[in-house]
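Enquirer: The structure that follows is given in the form of structure tokens.
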Protein chains: 2
Amino acid sequence: MSATVVVDAQDERRVLEDTLVALGAGPAEAADQTLLLLEADLRGRHSHGIQRLPVIVERIRRGLLVPGERLSKSWAAEAFLAVDGAAGFGPHVAMRASDLIAERAARTGIAIAAIRNASHLGMLACYVEALAARGCIGVALTTSEALVHPQGGRQALIGTNPLAIAVPTDDEPFLLDMATGAISMGEILAYLERGAYLPRGRAVDREGHPTTDPAAAMQGAISPFGGGKGYSLGLGIELLVAALSGTALGQDVTGTLDVQHPASKGDVIIAVDVKSARLRPFTVRISDYLRLLRTSERAAGSSGIAVPGDRSRMTRLERLQSGIPLPERVWSQVQRLHAETTEAARTCA
Amino acid sequence: MSATVVVDAQDERRVLEDTLVALGAGPAEAADQTLLLLEADLRGRHSHGIQRLPVIVERIRRGLLVPGERLSKSWAAEAFLAVDGAAGFGPHVAMRASDLIAERAARTGIAIAAIRNASHLGMLACYVEALAARGCIGVALTTSEALVHPQGGRQALIGTNPLAIAVPTDDEPFLLDMATGAISMGEILAYLERGAYLPRGRAVDREGHPTTDPAAAMQGAISPFGGGKGYSLGLGIELLVAALSGTALGQDVTGTLDVQHPASKGDVIIAVDVKSARLRPFTVRISDYLRLLRTSERAAGSSGIAVPGDRSRMTRLERLQSGIPLPERVWSQVQRLHAETTEAARTCA
């Protein structure tokens with residue numbers, strides 16, 4: 001294990017924003033990209049946190065991620081927003097799209113955005129949460145590099161394609177954000193680094209045998225979560241996103257993890273205006289039901305019943321107070337990048 | 001095992017339609033309800049097939065299912081159809097709603113129907129398939145009796161809430177239709193009847209211990225498929241459907257399996273018009289990708305790689321040719337009901 005430092009959220013925010021602005025990001029682009037990375041760290045989803053900054057910086061330097069809010073958007077139909085991100089910051093493109101479809105859904109009841117050519121969106125929870133804050137049910141889907149094998153197969157041909165859903169309640173929204181792979185590549189790497197075995201059923205080796213060896217898993221493929229059903233769901237997301245955004249499928253998906261290729265994945269966001277259903281007292285009933293779930297009888301040996309979103313919300317509150325634990329290695333690298341980029345920007349100015 | 005008879009699809013259709021019409025169903029209602037039951041049997045989903053007819057008949061006799069196409073529908077917003085099924089046939093209500101949102105989506109790009117007060121929809125595949133045939137991506141969600149425990153819990157508080165997605169290709173559509181429970185109550189009953197053990201991980205007993213004993217499972221609860229992720233998805237469907245249709249949550253959901261209660265579950269159907277995305281050659285690329293998946297390298301010991309929808313399509317074609325195997329008990333009961341109802345109708349006329 002490498003050493004850990006505890007970083008204040010405001011410090012992480014400042015470092016991120018300064019670095020991005022120094023590299024040419026507009027204020028809104030920098031704010032949205034920062035929000036996505038910071039929120040992931042606050043919620044304990046470090047794979048989507050500040051550790052991604054070096055890849056983002058390198059992609060900007062190589063012209064694969066182009067700051068400047070050049071996105072183009074058009075209403076292909078009254079409730080169908082087609083967005084070309086023009087190689088820009090995914091978080092900014094997707095937040096803009098979310099705003100527009102929430103606004104449109106207030107009139108049409110439902111609206112959808114299909115996004116292409118935007119960089120990695122990061123943790124989808126943020127977009128659907130923003131929609132829930134505007135009184136919408138939010139659904140977000142995205143494709144990613146092919147890392148998952150089809151059920152019965154052994155080749156990595158399907159993305160870990162995550163899905164997020166938020167439903168407003170009269171309290172905090174219900175918030176689901178999950179990948180359709182049984183494990184992430186980041187987690188496999190973490191097991192490898194600390195010399196530990198994977199839990200069973202998460203991955204297969206090159207021959208397609210289930211494996212708990214992280215090195216063998218990296219030569220093989222990640223398994224879909226939940227067997228054939230998870231496979232079906234992940235594949236459904238792969239097709240739905242590609243069909244609506246005109247983006248790549250399977251092994252043609254590139255550019256979210258690497259620093260060599262354009263981002264060829266796609267994103268789909270849907271907003272459904274709950275007010276359209278004209279069921280005002282409903283958010284209360286949902287909150288009551290969720291309370292009932294949380295306090296229902298536990299299984300023998302269970303440590304408790306959580307509603308999706310509960311745990312990350314608690315982690316977030318804790319970390320806002322007491323800081324974010326980050327590997328020292330990551331924080332030093334980010335600080336170097338920050339010094340380098342802001343220095344260069346000053347010199348140019 | 002009880003004896004099996006092989007029934008021609010046309011015979012099953014006639015028996016179903018005649019019985020329903022004799023009980024007061026209009027021609028479209030009878031046709032849609034028949035389609036749903038017959039298609040389930042053709043695809044090997046007997047739990048949703050003709051064996052449901054006795055419950056349907058009893059619900060009609062008790063006034064819990066009311067024939068006569070009395071459904072009311074209104075565009076709550078331009079792309080949001082609110083439907084009250086007026087205790088009518090779910091399949092007819094949902095097919096009508098699907099038609100209307102497909103038509104609307106051709107202009108708005110996306111449209112949604114939220115349905116309340118309609119009887120059990122049956123196999124969701126049929127609705128999204130109908131949408132795909134009209135060039136739409138179809139998504140259907142429905143709630144059902146609380147049979148599934150929350151992750152970490154042991155009480156049955158969540159429905160087996162199925163999800164269906166169809167994506168048009170230039171060939172047969174991609175067709176996913178899955179419940180979010182790890183097993184259905186019908187399957188548990190079948191294991192019980194033949195004195196067999198359940199596969200592992202499908203259910204818990206009253207104390208919340210995993211069990212393979214079908215009798216203990218019936219005293220306990222069905223597990224969500226795929227652990228915490230499947231739980232989150234099933235719960236997300238529960239909330240999304242209820243929030244948009246104003247229908248019941250958790251243990252308040254009744255009337256799809258019993259003959260005592262009104263149908264208090266809800267249904268949501270979404271149509272996204274693929275043409276809105278203006279990506280015409282795209283269906284070809286999807287077909288190519290699905291072919292690649294099917295012919296990709298198999299895992300050791302794998303019997304093959306199927307794309308969701310493949311197997312049920314094959315079963316359907318076989319059964320259209322060589323007939324549908326049904327338990328003799330079920331077929332005799334249905335024939336008795338047919339004789340009874342058509343005789344009564346003739347006497348009244």
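By convention here, the chains of the structure tokens are called A, B, ... in the order presented, each chain's residues are numbered starting at 1, and ligands are numbered starting at 1 in the order presented.
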Just the residues within 7 Å of Leu64 (chain A), please, counting only C-alpha atoms, with nothing from its chain fewer than 5 positions along; format it as a PDB file with all heavy atoms, in the first residue's frame.

Expert:
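Output file selection_34.pdb is given in full below:
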ATOM      1  N   ARG A  59      -4.462  14.107 -22.768  1.00  0.00           N
ATOM      2  CA  ARG A  59      -5.365  14.132 -23.923  1.00  0.00           C
ATOM      3  C   ARG A  59      -5.516  15.569 -24.438  1.00  0.00           C
ATOM      4  O   ARG A  59      -5.634  15.789 -25.655  1.00  0.00           O
ATOM      5  CB  ARG A  59      -6.734  13.515 -23.574  1.00  0.00           C
ATOM      6  CG  ARG A  59      -6.672  11.988 -23.383  1.00  0.00           C
ATOM      7  CD  ARG A  59      -8.043  11.367 -23.097  1.00  0.00           C
ATOM      8  NE  ARG A  59      -8.962  11.523 -24.204  1.00  0.00           N
ATOM      9  CZ  ARG A  59      -9.016  10.733 -25.273  1.00  0.00           C
ATOM     10  NH1 ARG A  59      -8.207   9.690 -25.356  1.00  0.00           N
ATOM     11  NH2 ARG A  59      -9.870  10.963 -26.239  1.00  0.00           N
ATOM     12  N   ALA A  87     -15.174  16.975 -29.484  1.00  0.00           N
ATOM     13  CA  ALA A  87     -13.982  16.538 -28.738  1.00  0.00           C
ATOM     14  C   ALA A  87     -13.791  17.295 -27.420  1.00  0.00           C
ATOM     15  O   ALA A  87     -12.701  17.315 -26.852  1.00  0.00           O
ATOM     16  CB  ALA A  87     -12.727  16.636 -29.592  1.00  0.00           C
ATOM     17  N   HIS A 261      -6.331   7.799 -28.622  1.00  0.00           N
ATOM     18  CA  HIS A 261      -7.440   7.756 -29.574  1.00  0.00           C
ATOM     19  C   HIS A 261      -8.529   8.769 -29.253  1.00  0.00           C
ATOM     20  O   HIS A 261      -8.741   9.096 -28.090  1.00  0.00           O
ATOM     21  CB  HIS A 261      -8.053   6.355 -29.578  1.00  0.00           C
ATOM     22  CG  HIS A 261      -7.068   5.277 -29.874  1.00  0.00           C
ATOM     23  ND1 HIS A 261      -6.559   5.068 -31.133  1.00  0.00           N
ATOM     24  CD2 HIS A 261      -6.474   4.373 -29.065  1.00  0.00           C
ATOM     25  CE1 HIS A 261      -5.693   4.067 -31.094  1.00  0.00           C
ATOM     26  NE2 HIS A 261      -5.618   3.627 -29.856  1.00  0.00           N
ATOM     27  N   PRO A 262      -9.249   9.220 -30.277  1.00  0.00           N
ATOM     28  CA  PRO A 262     -10.422  10.068 -30.032  1.00  0.00           C
ATOM     29  C   PRO A 262     -11.467   9.284 -29.235  1.00  0.00           C
ATOM     30  O   PRO A 262     -11.471   8.051 -29.263  1.00  0.00           O
ATOM     31  CB  PRO A 262     -10.959  10.365 -31.437  1.00  0.00           C
ATOM     32  CG  PRO A 262      -9.910   9.944 -32.396  1.00  0.00           C
ATOM     33  CD  PRO A 262      -9.054   8.927 -31.709  1.00  0.00           C
TER      34      PRO A 262
END

Enquirer: Hey, list the chain A side of the contact with chain B: 6 Å cut-off, only C-alpha atoms, answer as a list in words.

Expert: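 Contact residues on the first chain: Ala76, Ala77, Glu78, Ala79, Phe80, Thr108, Gly109, Gly152, Gly153, Arg154, Glu207, Gly208, Phe225, Gly226, Leu244, Ser276, Ala277, Glu297, Arg298, Ala299, Ala300, Ser302, Gly304 and Ile305 of chain A.
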
Enquirer: With only C-alpha atoms as the basis for distance, which of B:Ala221, B:Gly88, B:Glu29, B:Cys348 is at the shortest distance from Ile60 (chain B)?

Expert: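 Checking each of B:Ala221, B:Gly88, B:Glu29, B:Cys348 against Ile60 (chain B), counting only C-alpha atoms, the winner is B:Gly88.
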
Enquirer: So which bits of region 45-281 of chain B end up alpha helix (DSSP H) when you DSSP the backbone, as number ranges by chain?

Expert: B: 53-61, 90-108, 125-133, 185-193, 214-219, 227-245

Enquirer: With C-alpha atoms kept, could you save the residues just selected as a PDB file, in the first residue's frame?

Expert:
ATOM      1  CA  LEU B  53     -56.314 -18.059 -18.488  1.00  0.00           C
ATOM      2  CA  PRO B  54     -58.138 -19.476 -15.432  1.00  0.00           C
ATOM      3  CA  VAL B  55     -57.027 -16.492 -13.325  1.00  0.00           C
ATOM      4  CA  ILE B  56     -58.058 -14.085 -16.088  1.00  0.00           C
ATOM      5  CA  VAL B  57     -61.473 -15.730 -16.383  1.00  0.00           C
ATOM      6  CA  GLU B  58     -62.012 -15.674 -12.634  1.00  0.00           C
ATOM      7  CA  ARG B  59     -60.999 -12.024 -12.450  1.00  0.00           C
ATOM      8  CA  ILE B  60     -63.535 -11.197 -15.171  1.00  0.00           C
ATOM      9  CA  ARG B  61     -66.273 -13.124 -13.354  1.00  0.00           C
ATOM     10  CA  GLY B  90     -53.498  -4.980 -19.795  1.00  0.00           C
ATOM     11  CA  PRO B  91     -52.325  -6.316 -23.164  1.00  0.00           C
ATOM     12  CA  HIS B  92     -54.876  -4.253 -25.053  1.00  0.00           C
ATOM     13  CA  VAL B  93     -54.274  -1.124 -23.000  1.00  0.00           C
ATOM     14  CA  ALA B  94     -50.498  -1.429 -23.410  1.00  0.00           C
ATOM     15  CA  MET B  95     -50.647  -2.194 -27.132  1.00  0.00           C
ATOM     16  CA  ARG B  96     -52.876   0.850 -27.690  1.00  0.00           C
ATOM     17  CA  ALA B  97     -50.478   2.951 -25.642  1.00  0.00           C
ATOM     18  CA  SER B  98     -47.505   1.571 -27.593  1.00  0.00           C
ATOM     19  CA  ASP B  99     -49.146   2.507 -30.896  1.00  0.00           C
ATOM     20  CA  LEU B 100     -49.839   6.018 -29.693  1.00  0.00           C
ATOM     21  CA  ILE B 101     -46.347   6.697 -28.368  1.00  0.00           C
ATOM     22  CA  ALA B 102     -44.692   5.245 -31.489  1.00  0.00           C
ATOM     23  CA  GLU B 103     -46.808   7.592 -33.594  1.00  0.00           C
ATOM     24  CA  ARG B 104     -45.986  10.527 -31.331  1.00  0.00           C
ATOM     25  CA  ALA B 105     -42.268   9.689 -31.196  1.00  0.00           C
ATOM     26  CA  ALA B 106     -42.111   9.947 -34.994  1.00  0.00           C
ATOM     27  CA  ARG B 107     -42.587  13.679 -34.407  1.00  0.00           C
ATOM     28  CA  THR B 108     -41.095  14.270 -30.956  1.00  0.00           C
ATOM     29  CA  ALA B 125     -41.201  -8.607 -25.052  1.00  0.00           C
ATOM     30  CA  CYS B 126     -44.346  -8.256 -27.194  1.00  0.00           C
ATOM     31  CA  TYR B 127     -44.725  -4.524 -26.604  1.00  0.00           C
ATOM     32  CA  VAL B 128     -41.142  -3.540 -27.285  1.00  0.00           C
ATOM     33  CA  GLU B 129     -41.072  -5.844 -30.291  1.00  0.00           C
ATOM     34  CA  ALA B 130     -44.111  -4.019 -31.665  1.00  0.00           C
ATOM     35  CA  LEU B 131     -42.250  -0.736 -31.149  1.00  0.00           C
ATOM     36  CA  ALA B 132     -39.139  -2.067 -32.883  1.00  0.00           C
ATOM     37  CA  ALA B 133     -41.281  -3.108 -35.841  1.00  0.00           C
ATOM     38  CA  MET B 185     -42.369 -17.750  -8.215  1.00  0.00           C
ATOM     39  CA  GLY B 186     -43.660 -19.967 -11.047  1.00  0.00           C
ATOM     40  CA  GLU B 187     -40.240 -21.596 -11.331  1.00  0.00           C
ATOM     41  CA  ILE B 188     -40.027 -22.115  -7.566  1.00  0.00           C
ATOM     42  CA  LEU B 189     -43.416 -23.842  -7.705  1.00  0.00           C
ATOM     43  CA  ALA B 190     -42.195 -26.052 -10.547  1.00  0.00           C
ATOM     44  CA  TYR B 191     -39.139 -27.111  -8.484  1.00  0.00           C
ATOM     45  CA  LEU B 192     -41.421 -27.821  -5.542  1.00  0.00           C
ATOM     46  CA  GLU B 193     -43.773 -29.942  -7.658  1.00  0.00           C
ATOM     47  CA  PRO B 214     -38.290 -24.463  -2.701  1.00  0.00           C
ATOM     48  CA  ALA B 215     -40.677 -24.816   0.268  1.00  0.00           C
ATOM     49  CA  ALA B 216     -38.386 -22.733   2.483  1.00  0.00           C
ATOM     50  CA  ALA B 217     -38.029 -20.187  -0.329  1.00  0.00           C
ATOM     51  CA  MET B 218     -41.800 -19.769  -0.476  1.00  0.00           C
ATOM     52  CA  GLN B 219     -41.773 -18.906   3.222  1.00  0.00           C
ATOM     53  CA  GLY B 227     -26.734  -9.120  -5.808  1.00  0.00           C
ATOM     54  CA  GLY B 228     -26.659  -5.416  -4.972  1.00  0.00           C
ATOM     55  CA  LYS B 229     -26.775  -4.287  -8.601  1.00  0.00           C
ATOM     56  CA  GLY B 230     -29.867  -6.325  -9.428  1.00  0.00           C
ATOM     57  CA  TYR B 231     -31.458  -5.086  -6.204  1.00  0.00           C
ATOM     58  CA  SER B 232     -30.760  -1.489  -7.203  1.00  0.00           C
ATOM     59  CA  LEU B 233     -32.180  -2.018 -10.667  1.00  0.00           C
ATOM     60  CA  GLY B 234     -35.345  -3.727  -9.436  1.00  0.00           C
ATOM     61  CA  LEU B 235     -35.904  -1.006  -6.856  1.00  0.00           C
ATOM     62  CA  GLY B 236     -35.241   1.675  -9.471  1.00  0.00           C
ATOM     63  CA  ILE B 237     -37.970   0.163 -11.655  1.00  0.00           C
ATOM     64  CA  GLU B 238     -40.343  -0.003  -8.655  1.00  0.00           C
ATOM     65  CA  LEU B 239     -39.900   3.732  -8.006  1.00  0.00           C
ATOM     66  CA  LEU B 240     -39.785   4.932 -11.587  1.00  0.00           C
ATOM     67  CA  VAL B 241     -42.993   3.153 -12.551  1.00  0.00           C
ATOM     68  CA  ALA B 242     -44.862   4.203  -9.409  1.00  0.00           C
ATOM     69  CA  ALA B 243     -43.685   7.813  -9.648  1.00  0.00           C
ATOM     70  CA  LEU B 244     -44.919   8.169 -13.225  1.00  0.00           C
ATOM     71  CA  SER B 245     -48.121   6.133 -13.087  1.00  0.00           C
TER      72      SER B 245
END

Enquirer: List the neighbours of Glu328 (chain A) out to 10 Å using only C-alpha atoms; skip same-chain residues closer than 6 positions along the sequence, and give me the result as a ChimeraX atom specification.

Expert: /A:2-7,334

Enquirer: Would you mind exporting N, CA and C atoms of the selected residues as a PDB file, in the first residue's frame?

Expert:
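Saved result, selection_24.pdb, follows:
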ATOM      1  N   SER A   2       0.547   2.195  -0.849  1.00  0.00           N
ATOM      2  CA  SER A   2       1.294   3.457  -0.842  1.00  0.00           C
ATOM      3  C   SER A   2       0.719   4.356   0.260  1.00  0.00           C
ATOM      4  N   ALA A   3       1.495   5.349   0.646  1.00  0.00           N
ATOM      5  CA  ALA A   3       1.064   6.265   1.703  1.00  0.00           C
ATOM      6  C   ALA A   3      -0.155   7.071   1.256  1.00  0.00           C
ATOM      7  N   THR A   4      -0.930   7.498   2.237  1.00  0.00           N
ATOM      8  CA  THR A   4      -2.159   8.236   1.970  1.00  0.00           C
ATOM      9  C   THR A   4      -2.045   9.649   2.543  1.00  0.00           C
ATOM     10  N   VAL A   5      -2.567  10.610   1.792  1.00  0.00           N
ATOM     11  CA  VAL A   5      -2.685  11.955   2.350  1.00  0.00           C
ATOM     12  C   VAL A   5      -4.162  12.299   2.417  1.00  0.00           C
ATOM     13  N   VAL A   6      -4.497  13.204   3.323  1.00  0.00           N
ATOM     14  CA  VAL A   6      -5.893  13.634   3.416  1.00  0.00           C
ATOM     15  C   VAL A   6      -5.969  15.062   2.876  1.00  0.00           C
ATOM     16  N   VAL A   7      -6.814  15.212   1.852  1.00  0.00           N
ATOM     17  CA  VAL A   7      -6.873  16.484   1.139  1.00  0.00           C
ATOM     18  C   VAL A   7      -8.230  17.128   1.375  1.00  0.00           C
ATOM     19  N   VAL A 334      -0.553  15.105  -9.239  1.00  0.00           N
ATOM     20  CA  VAL A 334      -1.504  16.153  -9.589  1.00  0.00           C
ATOM     21  C   VAL A 334      -0.926  17.527  -9.240  1.00  0.00           C
TER      22      VAL A 334
END

Enquirer: Name the residues in contact with region 33-44 of chain A at a cut-off of 7 Å, using only C-alpha atoms, excluding same-chain residues fewer than 3 positions from it; report them as a VMD selection string.

Expert: chain A and resid 13 16 to 17 29 to 30 48 to 50 89 91 to 92 122 to 123 126 312 to 313 315 to 316 319 324

Enquirer: What is the distance, in Å and to one decimal place, between CA of Thr19 (chain A) and CA of Leu337 (chain A)?

Expert: 7.3 Å

Enquirer: Would you mind reading off the distance between CA of Gly323 (chain B) and CA of His120 (chain B), one decimal, in Å?

Expert: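 For CA of Gly323 (chain B) relative to CA of His120 (chain B), the distance reads 25.5 Å.
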
Enquirer: Which residues are close to Gly24 (chain B), i.e. within 8 Å by only C-alpha atoms, leaving aside same-chain residues fewer than 3 positions away? Reply as a PyMOL selection string.

Expert: chain B and resi 20-21+67-68

Enquirer: Can you spit out the residues from that selection as a CSV table (one decimal), in the first residue's frame, using all heavy atoms?

Expert:
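Printed below is again20.csv as written:
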chain,number,residue,atom,x,y,z
B,20,LEU,N,-62.4,-15.5,-24.4
B,20,LEU,CA,-62.4,-14.1,-24.0
B,20,LEU,C,-63.6,-13.4,-24.6
B,20,LEU,O,-64.3,-12.6,-23.9
B,20,LEU,CB,-61.1,-13.5,-24.4
B,20,LEU,CG,-59.9,-14.0,-23.7
B,20,LEU,CD1,-58.6,-13.6,-24.4
B,20,LEU,CD2,-59.9,-13.6,-22.2
B,21,VAL,N,-63.9,-13.7,-25.9
B,21,VAL,CA,-65.1,-13.0,-26.5
B,21,VAL,C,-66.4,-13.4,-25.8
B,21,VAL,O,-67.2,-12.6,-25.5
B,21,VAL,CB,-65.1,-13.3,-28.0
B,21,VAL,CG1,-66.5,-12.9,-28.6
B,21,VAL,CG2,-64.0,-12.6,-28.7
B,67,PRO,N,-64.1,-6.2,-19.2
B,67,PRO,CA,-64.0,-6.0,-20.6
B,67,PRO,C,-64.8,-4.8,-21.1
B,67,PRO,O,-65.6,-4.3,-20.4
B,67,PRO,CB,-64.6,-7.3,-21.2
B,67,PRO,CG,-64.7,-8.2,-20.0
B,67,PRO,CD,-64.8,-7.4,-18.8
B,68,GLY,N,-64.5,-4.3,-22.3
B,68,GLY,CA,-65.3,-3.3,-22.9
B,68,GLY,C,-64.5,-2.1,-23.4
B,68,GLY,O,-65.0,-1.0,-23.7

Enquirer: Using only C-alpha atoms, which protein or nucleic acid residues come within 9 Å of Ser144 (chain B)? Drop anything in the same chain fewer than 4 positions from it, and give the result as an mmCIF file with all heavy atoms, in the first residue's frame.

Expert:
data_model
loop_
_atom_site.group_PDB
_atom_site.id
_atom_site.type_symbol
_atom_site.label_atom_id
_atom_site.label_comp_id
_atom_site.auth_asym_id
_atom_site.auth_seq_id
_atom_site.Cartn_x
_atom_site.Cartn_y
_atom_site.Cartn_z
ATOM 1 N N HIS B 120 -52.628 -7.523 -15.727
ATOM 2 C CA HIS B 120 -51.254 -8.012 -15.966
ATOM 3 C C HIS B 120 -50.872 -7.956 -17.451
ATOM 4 O O HIS B 120 -51.590 -8.458 -18.301
ATOM 5 C CB HIS B 120 -51.168 -9.468 -15.463
ATOM 6 C CG HIS B 120 -49.796 -10.028 -15.485
ATOM 7 N ND1 HIS B 120 -49.477 -11.189 -16.155
ATOM 8 C CD2 HIS B 120 -48.651 -9.593 -14.917
ATOM 9 C CE1 HIS B 120 -48.191 -11.450 -15.987
ATOM 10 N NE2 HIS B 120 -47.668 -10.504 -15.242
ATOM 11 N N ILE B 158 -40.135 -5.967 -2.635
ATOM 12 C CA ILE B 158 -39.945 -5.388 -3.968
ATOM 13 C C ILE B 158 -40.484 -6.383 -4.993
ATOM 14 O O ILE B 158 -40.364 -7.594 -4.805
ATOM 15 C CB ILE B 158 -38.443 -5.137 -4.225
ATOM 16 C CG1 ILE B 158 -37.849 -4.262 -3.113
ATOM 17 C CG2 ILE B 158 -38.189 -4.511 -5.594
ATOM 18 C CD1 ILE B 158 -36.330 -4.237 -3.106
ATOM 19 N N GLY B 159 -41.054 -5.872 -6.074
ATOM 20 C CA GLY B 159 -41.555 -6.751 -7.125
ATOM 21 C C GLY B 159 -40.426 -7.435 -7.875
ATOM 22 O O GLY B 159 -39.255 -7.081 -7.730
ATOM 23 N N THR B 160 -40.782 -8.409 -8.695
ATOM 24 C CA THR B 160 -39.782 -9.027 -9.571
ATOM 25 C C THR B 160 -39.589 -8.156 -10.819
ATOM 26 O O THR B 160 -38.898 -8.547 -11.763
ATOM 27 C CB THR B 160 -40.227 -10.438 -10.009
ATOM 28 O OG1 THR B 160 -41.536 -10.345 -10.569
ATOM 29 C CG2 THR B 160 -40.259 -11.388 -8.836
ATOM 30 N N ASN B 161 -40.207 -7.007 -10.761
ATOM 31 C CA ASN B 161 -40.130 -5.912 -11.734
ATOM 32 C C ASN B 161 -39.309 -6.165 -13.009
ATOM 33 O O ASN B 161 -38.113 -5.919 -13.041
ATOM 34 C CB ASN B 161 -39.574 -4.694 -11.010
ATOM 35 C CG ASN B 161 -40.405 -4.343 -9.795
ATOM 36 O OD1 ASN B 161 -41.497 -4.882 -9.621
ATOM 37 N ND2 ASN B 161 -39.919 -3.456 -8.967
ATOM 38 N N PRO B 162 -39.967 -6.618 -14.057
ATOM 39 C CA PRO B 162 -39.230 -6.901 -15.281
ATOM 40 C C PRO B 162 -38.965 -5.654 -16.125
ATOM 41 O O PRO B 162 -39.618 -4.616 -15.965
ATOM 42 C CB PRO B 162 -40.147 -7.856 -16.032
ATOM 43 C CG PRO B 162 -41.507 -7.495 -15.572
ATOM 44 C CD PRO B 162 -41.375 -7.010 -14.152
ATOM 45 N N GLU B 238 -39.203 -0.170 -9.584
ATOM 46 C CA GLU B 238 -40.343 -0.003 -8.655
ATOM 47 C C GLU B 238 -40.696 1.486 -8.507
ATOM 48 O O GLU B 238 -41.856 1.886 -8.612
ATOM 49 C CB GLU B 238 -39.969 -0.596 -7.287
ATOM 50 C CG GLU B 238 -41.091 -0.617 -6.255
ATOM 51 C CD GLU B 238 -41.844 -1.941 -6.209
ATOM 52 O OE1 GLU B 238 -41.300 -2.977 -6.643
ATOM 53 O OE2 GLU B 238 -42.999 -1.931 -5.755
ATOM 54 N N GLY B 250 -44.289 -1.670 -3.420
ATOM 55 C CA GLY B 250 -44.006 -2.754 -2.490
ATOM 56 C C GLY B 250 -45.196 -3.650 -2.238
ATOM 57 O O GLY B 250 -45.846 -4.123 -3.180
ATOM 58 N N VAL B 253 -48.755 -3.638 -3.899
ATOM 59 C CA VAL B 253 -49.012 -4.082 -5.276
ATOM 60 C C VAL B 253 -49.766 -5.404 -5.234
ATOM 61 O O VAL B 253 -49.322 -6.370 -4.620
ATOM 62 C CB VAL B 253 -47.694 -4.249 -6.067
ATOM 63 C CG1 VAL B 253 -47.976 -4.830 -7.456
ATOM 64 C CG2 VAL B 253 -46.956 -2.919 -6.173
ATOM 65 N N THR B 254 -50.928 -5.433 -5.890
ATOM 66 C CA THR B 254 -51.781 -6.633 -5.891
ATOM 67 C C THR B 254 -52.389 -6.812 -7.280
ATOM 68 O O THR B 254 -52.282 -5.928 -8.131
ATOM 69 C CB THR B 254 -52.975 -6.459 -4.920
ATOM 70 O OG1 THR B 254 -53.697 -5.270 -5.302
ATOM 71 C CG2 THR B 254 -52.529 -6.340 -3.476
ATOM 72 N N GLY B 255 -53.016 -7.973 -7.457
ATOM 73 C CA GLY B 255 -53.902 -8.149 -8.596
ATOM 74 C C GLY B 255 -53.280 -8.634 -9.893
ATOM 75 O O GLY B 255 -53.921 -8.562 -10.933
ATOM 76 N N THR B 256 -52.039 -9.138 -9.851
ATOM 77 C CA THR B 256 -51.568 -9.755 -11.098
ATOM 78 C C THR B 256 -51.605 -11.270 -10.983
ATOM 79 O O THR B 256 -51.719 -11.965 -11.977
ATOM 80 C CB THR B 256 -50.144 -9.290 -11.486
ATOM 81 O OG1 THR B 256 -49.214 -9.796 -10.535
ATOM 82 C CG2 THR B 256 -50.053 -7.787 -11.528
ATOM 83 N N LEU B 257 -51.501 -11.794 -9.765
ATOM 84 C CA LEU B 257 -51.500 -13.247 -9.584
ATOM 85 C C LEU B 257 -52.785 -13.726 -8.902
ATOM 86 O O LEU B 257 -53.218 -14.847 -9.101
ATOM 87 C CB LEU B 257 -50.306 -13.669 -8.709
ATOM 88 C CG LEU B 257 -48.910 -13.284 -9.210
ATOM 89 C CD1 LEU B 257 -47.882 -13.403 -8.098
ATOM 90 C CD2 LEU B 257 -48.509 -14.153 -10.398
ATOM 91 N N SER B 264 -53.162 -3.125 -8.881
ATOM 92 C CA SER B 264 -52.660 -1.828 -8.415
ATOM 93 C C SER B 264 -51.239 -1.541 -8.892
ATOM 94 O O SER B 264 -50.645 -0.553 -8.490
ATOM 95 C CB SER B 264 -52.718 -1.775 -6.883
ATOM 96 O OG SER B 264 -51.877 -2.767 -6.327
ATOM 97 N N LYS B 265 -50.712 -2.408 -9.736
ATOM 98 C CA LYS B 265 -49.350 -2.174 -10.271
ATOM 99 C C LYS B 265 -49.411 -1.138 -11.395
ATOM 100 O O LYS B 265 -50.498 -0.763 -11.862
ATOM 101 C CB LYS B 265 -48.728 -3.481 -10.757
ATOM 102 C CG LYS B 265 -49.549 -4.278 -11.771
ATOM 103 C CD LYS B 265 -49.433 -3.807 -13.187
ATOM 104 C CE LYS B 265 -50.510 -4.415 -14.060
ATOM 105 N NZ LYS B 265 -50.541 -3.872 -15.413
ATOM 106 N N GLY B 266 -48.242 -0.728 -11.848
ATOM 107 C CA GLY B 266 -48.180 0.217 -12.952
ATOM 108 C C GLY B 266 -47.260 -0.272 -14.045
ATOM 109 O O GLY B 266 -46.495 -1.229 -13.859
#
